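Peer 1: Input: one structure, supplied below.
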Amino acid sequence: MQNPSLVLQIQTLPDNPGVYQYYDKEGKILYVGKAKNLKKRVSSYFNKIHDTAKTNVLVKKIVTIKHIVVPTETDALLLENNLIKTLQPRYNVLLRDDKSYPWLCIKKEPFSRIFSTRRMVKDGSEYFGPYTSFKTVHTILDLIKELYPLRTCNYDLSKSNINSGKFKVCLEYHIGNCKGPCEGLESLEDYQKQVDAIREILKGNFKESMKDFKRLMTQYAQDLRFEEAQKIKEKIEVLENYQSRSTIVNPKITNIDVFSIVSDESAAYVNFLQISHGSIIRSHTLEIKKKLDESDEELLELAIIELRERFQLLSKEIIVPFEINLGENIKTTVPQLGDKKQILDLSIRNAKFYRIEQLKQLQIVDPDRHTNRIMAQMQKDLRLPTEPRHIECFDNSNIQGTNPVAACVVFKDGKASKKDYRHFNVKTVEGPDDFASMTEIVYRRYKRLLDEKEPLPQLIIIDGGKGQLSAALKSIDELGLRGKIAIIGIAKRLEELFYPGDSIPLYLDKKSETLKVIQQLRNEAHRFGITFHRDKRSKAALNSSVESIPGIGEKTMLTLIQHFKSVKRLKLASEKEISDVIGVSKAKKIVDFYKTN
């Protein structure tokens, strides 16, 4: 595979289920496929020679790869079917016919029939599905039949026809599969109750029906009809596993366009899904560079106008994540729950994935540009005189006042530079005094850097609010570094940043990359400090609880304590038990020591 643009597109594909589309250099669609893992599936086309000449020709023609991310593999299967029917790609032979997946229909008529069909007729009947496997459809129909005796005939059971005695009961009635509504032996009300219960099952809400199944199963078992009870049990299990409905296709939602937006400091990404007759037939994501600080509302309005024009969209209703004004002719819906909300979430998810892929591609092609962008952004957000290429963050750890230690972590060009991390034991402070500890640590760190003529950071971050910041400033002033290094305090509530001499904190946008880098720094300082503190405390605890035994080193003692869990148990252990852990000669020394003491 020679094309570097293709290599890049494949490298940044997500490991999620979805549908991929291949386009040639003229932008014509070549192929649509589905995948459980988009990255693995698409890569497999390019890393081998294929058995069929057709596939090898297809691979040579591919220039662009587009994809749509969906929640499950079933959704990917249905979406693939819709797109192939709509786009008619040249290399998809199998699904280009008019075959479609089966639905279950509750017919709109007195004493409704329930059956599977591949054709949707708009006569007010209800359709559930589509189902990707006929096995599921048959299982559900068998189960319904087992539970609810419904009619299978196609007579017109109007009130007048029943009263005039036009129909006679058939064999289904005599063998107990139907209760004979055609002769008026079952009321419409009773029949409809069963249809309502079935409707709930098809929606995936089968709590009530579950009780009926279990009752029936128990009844069969009591009557010693174990085979029939087992059959019902198996069907209950299948029903529990069956996925009630798909986001990708929903007959209730007809012609609608869905728009969503995801934005960061420099750009916004608008995803659009076109839905026709309840099926997603197109997905497209647009990137808009921000010139000024435009709001998401303004950008989404512009994008919708452009996309509707570009794709000649004529739908009268659109789904959006927040209220926007597009004139009186277009109805905008902001769904809170239900099917429309699911489709909006799917659109948002695709916009997010697109943004991540663009950033990944940028990092691969030009890593410096990505770093430069973040550094420039941090300088602007934090109001710094220079870019913070070298940042140091301090954190104190003293749990219950014991073993006070501190950690200093270093980030260079926005990434952790672990070789520059430092641990500090607090030397001059007695007891738990966080402020005094911070003063000591900051002084020691920068005194040393100055003495050794090492480069100083452009930014110091102190984990703590105003008090900690003031404590650190004492040392900065003492070393004459005020004004040479920017210093900020970060309060426990992460969005609050304190500056020297300013009592009002600065709040960063929760979505900003600057805040993400600061969060990373703080979490890293915390992790690094806590680990050191724990190690120190464990050693101190071991030293205080273990008397020094001649000829037994600290390492051996640690092994024993880990094995016996406490010194008390070690004292009570027999020589044989100890020698199993550390050998005969050392075990003898320990036993003799405890005997004489």
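Starting from 1 in every chain, residues are counted up; chains themselves are A, B, ... following the order of the structure tokens, and ligands are numbered from 1 as listed.
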Would you kindly return, as a ChimeraX atom specification, each protein, DNA or RNA residue with an atom no farther than 6 Å from any atom of segment 76-86 of chain A, considering only C-alpha atoms and excluding same-chain residues fewer than 5 positions away?
Peer 2: /A:18-19,34,96,281
Peer 1: Set the distance at 9 Å and use only C-alpha atoms: which residues neighbour segment 364-375 of chain A once local chain neighbours fewer than 3 positions away are removed? I'd like the list as an mmCIF file with all heavy atoms, in the first residue's frame.
Peer 2:
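Below you can see out_17.cif, which holds the result:
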data_model
loop_
_atom_site.group_PDB
_atom_site.id
_atom_site.type_symbol
_atom_site.label_atom_id
_atom_site.label_comp_id
_atom_site.auth_asym_id
_atom_site.auth_seq_id
_atom_site.Cartn_x
_atom_site.Cartn_y
_atom_site.Cartn_z
ATOM 1 N N LEU A 8 -2.532 6.765 6.793
ATOM 2 C CA LEU A 8 -2.909 7.643 7.895
ATOM 3 C C LEU A 8 -4.367 7.432 8.286
ATOM 4 O O LEU A 8 -4.708 7.340 9.476
ATOM 5 C CB LEU A 8 -2.693 9.097 7.442
ATOM 6 C CG LEU A 8 -2.707 10.158 8.520
ATOM 7 C CD1 LEU A 8 -1.603 9.894 9.521
ATOM 8 C CD2 LEU A 8 -2.504 11.535 7.904
ATOM 9 N N LEU A 359 -7.329 14.808 15.146
ATOM 10 C CA LEU A 359 -6.217 15.177 16.031
ATOM 11 C C LEU A 359 -5.105 14.132 15.973
ATOM 12 O O LEU A 359 -3.930 14.456 15.966
ATOM 13 C CB LEU A 359 -6.709 15.353 17.470
ATOM 14 C CG LEU A 359 -7.640 16.547 17.716
ATOM 15 C CD1 LEU A 359 -8.136 16.554 19.152
ATOM 16 C CD2 LEU A 359 -6.959 17.875 17.411
ATOM 17 N N LYS A 360 -5.504 12.848 15.902
ATOM 18 C CA LYS A 360 -4.502 11.775 15.818
ATOM 19 C C LYS A 360 -3.700 11.917 14.522
ATOM 20 O O LYS A 360 -2.490 11.763 14.502
ATOM 21 C CB LYS A 360 -5.199 10.400 15.818
ATOM 22 C CG LYS A 360 -5.490 9.849 17.197
ATOM 23 C CD LYS A 360 -5.973 8.423 17.026
ATOM 24 C CE LYS A 360 -6.610 7.863 18.277
ATOM 25 N NZ LYS A 360 -7.370 6.637 17.959
ATOM 26 N N GLN A 361 -4.415 12.208 13.421
ATOM 27 C CA GLN A 361 -3.732 12.343 12.125
ATOM 28 C C GLN A 361 -2.747 13.497 12.178
ATOM 29 O O GLN A 361 -1.639 13.408 11.672
ATOM 30 C CB GLN A 361 -4.761 12.568 11.017
ATOM 31 C CG GLN A 361 -5.521 11.299 10.670
ATOM 32 C CD GLN A 361 -6.470 11.462 9.493
ATOM 33 O OE1 GLN A 361 -6.382 12.408 8.731
ATOM 34 N NE2 GLN A 361 -7.383 10.520 9.346
ATOM 35 N N MET A 378 -2.084 27.126 25.904
ATOM 36 C CA MET A 378 -1.843 27.237 27.354
ATOM 37 C C MET A 378 -1.361 28.639 27.716
ATOM 38 O O MET A 378 -1.777 29.218 28.721
ATOM 39 C CB MET A 378 -0.827 26.190 27.815
ATOM 40 C CG MET A 378 -1.401 24.790 27.880
ATOM 41 S SD MET A 378 -0.281 23.612 28.633
ATOM 42 C CE MET A 378 -0.527 23.941 30.381
ATOM 43 N N GLN A 379 -0.473 29.189 26.874
ATOM 44 C CA GLN A 379 0.031 30.544 27.149
ATOM 45 C C GLN A 379 -1.126 31.545 27.164
ATOM 46 O O GLN A 379 -1.236 32.385 28.060
ATOM 47 C CB GLN A 379 1.054 30.951 26.067
ATOM 48 C CG GLN A 379 1.667 32.332 26.350
ATOM 49 C CD GLN A 379 2.606 32.793 25.239
ATOM 50 O OE1 GLN A 379 2.979 32.012 24.377
ATOM 51 N NE2 GLN A 379 2.963 34.058 25.257
ATOM 52 N N LYS A 380 -2.050 31.366 26.191
ATOM 53 C CA LYS A 380 -3.190 32.293 26.085
ATOM 54 C C LYS A 380 -4.148 32.093 27.262
ATOM 55 O O LYS A 380 -4.539 33.045 27.928
ATOM 56 C CB LYS A 380 -3.897 32.018 24.748
ATOM 57 C CG LYS A 380 -5.053 32.955 24.454
ATOM 58 C CD LYS A 380 -5.667 32.594 23.095
ATOM 59 C CE LYS A 380 -7.151 32.875 23.098
ATOM 60 N NZ LYS A 380 -7.858 32.200 22.010
ATOM 61 N N GLU A 387 5.515 30.714 26.383
ATOM 62 C CA GLU A 387 4.892 29.376 26.301
ATOM 63 C C GLU A 387 5.450 28.496 27.414
ATOM 64 O O GLU A 387 6.665 28.472 27.630
ATOM 65 C CB GLU A 387 5.212 28.740 24.946
ATOM 66 C CG GLU A 387 4.428 29.341 23.807
ATOM 67 C CD GLU A 387 4.677 28.605 22.491
ATOM 68 O OE1 GLU A 387 5.494 27.654 22.472
ATOM 69 O OE2 GLU A 387 4.054 28.983 21.481
ATOM 70 N N PRO A 388 4.597 27.724 28.113
ATOM 71 C CA PRO A 388 5.092 26.880 29.217
ATOM 72 C C PRO A 388 5.669 25.560 28.714
ATOM 73 O O PRO A 388 5.084 24.498 28.903
ATOM 74 C CB PRO A 388 3.831 26.656 30.060
ATOM 75 C CG PRO A 388 2.713 26.732 29.082
ATOM 76 C CD PRO A 388 3.133 27.656 27.988
ATOM 77 N N ARG A 389 6.824 25.639 28.049
ATOM 78 C CA ARG A 389 7.451 24.425 27.500
ATOM 79 C C ARG A 389 7.945 23.510 28.625
ATOM 80 O O ARG A 389 8.034 22.305 28.451
ATOM 81 C CB ARG A 389 8.646 24.818 26.614
ATOM 82 C CG ARG A 389 8.246 25.550 25.349
ATOM 83 C CD ARG A 389 7.757 24.558 24.326
ATOM 84 N NE ARG A 389 7.182 25.185 23.155
ATOM 85 C CZ ARG A 389 6.802 24.515 22.087
ATOM 86 N NH1 ARG A 389 6.925 23.207 22.059
ATOM 87 N NH2 ARG A 389 6.277 25.116 21.046
ATOM 88 N N ASP A 413 7.183 20.144 26.943
ATOM 89 C CA ASP A 413 6.370 20.163 25.718
ATOM 90 C C ASP A 413 5.054 19.411 25.904
ATOM 91 O O ASP A 413 4.617 18.654 25.026
ATOM 92 C CB ASP A 413 7.143 19.574 24.529
ATOM 93 C CG ASP A 413 8.260 20.497 24.076
ATOM 94 O OD1 ASP A 413 8.119 21.722 24.282
ATOM 95 O OD2 ASP A 413 9.273 20.020 23.544
ATOM 96 N N GLY A 414 4.455 19.578 27.083
ATOM 97 C CA GLY A 414 3.131 18.992 27.320
ATOM 98 C C GLY A 414 3.143 17.512 27.631
ATOM 99 O O GLY A 414 2.093 16.888 27.754
ATOM 100 N N GLU A 513 -8.138 22.047 26.460
ATOM 101 C CA GLU A 513 -6.957 21.176 26.498
ATOM 102 C C GLU A 513 -5.983 21.634 27.579
ATOM 103 O O GLU A 513 -5.257 20.828 28.145
ATOM 104 C CB GLU A 513 -6.276 21.171 25.126
ATOM 105 C CG GLU A 513 -7.068 20.365 24.118
ATOM 106 C CD GLU A 513 -6.350 20.202 22.796
ATOM 107 O OE1 GLU A 513 -6.507 21.068 21.938
ATOM 108 O OE2 GLU A 513 -5.632 19.199 22.639
ATOM 109 N N THR A 514 -5.987 22.940 27.872
ATOM 110 C CA THR A 514 -5.120 23.477 28.936
ATOM 111 C C THR A 514 -5.466 22.808 30.254
ATOM 112 O O THR A 514 -4.588 22.334 30.983
ATOM 113 C CB THR A 514 -5.321 25.006 29.056
ATOM 114 O OG1 THR A 514 -5.033 25.587 27.792
ATOM 115 C CG2 THR A 514 -4.431 25.599 30.117
#
Peer 1: I need the residues in segment 261-464 of chain A that are strand (DSSP E) according to DSSP; give them as a VMD selection string.
Peer 2: chain A and resid 261 to 263 267 to 276 279 to 289 317 to 319 331 to 333 390 to 397 405 to 412 415 to 416 422 to 425 459 to 463
Peer 1: Pick out the residues sitting within 8 Å of Ser437 of chain A, and hand them over as a compact mmCIF listing (two decimals) with N, CA and C atoms, in the first residue's frame; count only C-alpha atoms, and ignore anything fewer than 5 positions along from it in its own chain.
Peer 2:
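Contents of part.txt, freshly written:
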# COMPACT_ATOMS: atom_id res chain seq x y z
N ASN A 396 2.27 17.79 48.20
CA ASN A 396 2.68 17.28 49.53
C ASN A 396 1.90 16.03 49.86
N PRO A 404 6.34 12.98 56.41
CA PRO A 404 6.02 14.01 55.40
C PRO A 404 6.99 13.92 54.23
N VAL A 426 10.77 15.75 53.77
CA VAL A 426 10.71 17.06 54.45
C VAL A 426 11.62 16.98 55.67
N THR A 428 13.07 20.01 57.60
CA THR A 428 13.12 21.06 58.64
C THR A 428 11.80 21.24 59.36
N VAL A 429 10.75 20.52 58.96
CA VAL A 429 9.42 20.78 59.54
C VAL A 429 9.04 19.64 60.48
Peer 1: In Å, with one decimal, what is the gap from atom CA of Lys214 of chain A to atom CA of Leu147 of chain A?
Peer 2: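 Atom-to-atom, atom CA of Lys214 of chain A to atom CA of Leu147 of chain A, that is 10.6 Å.
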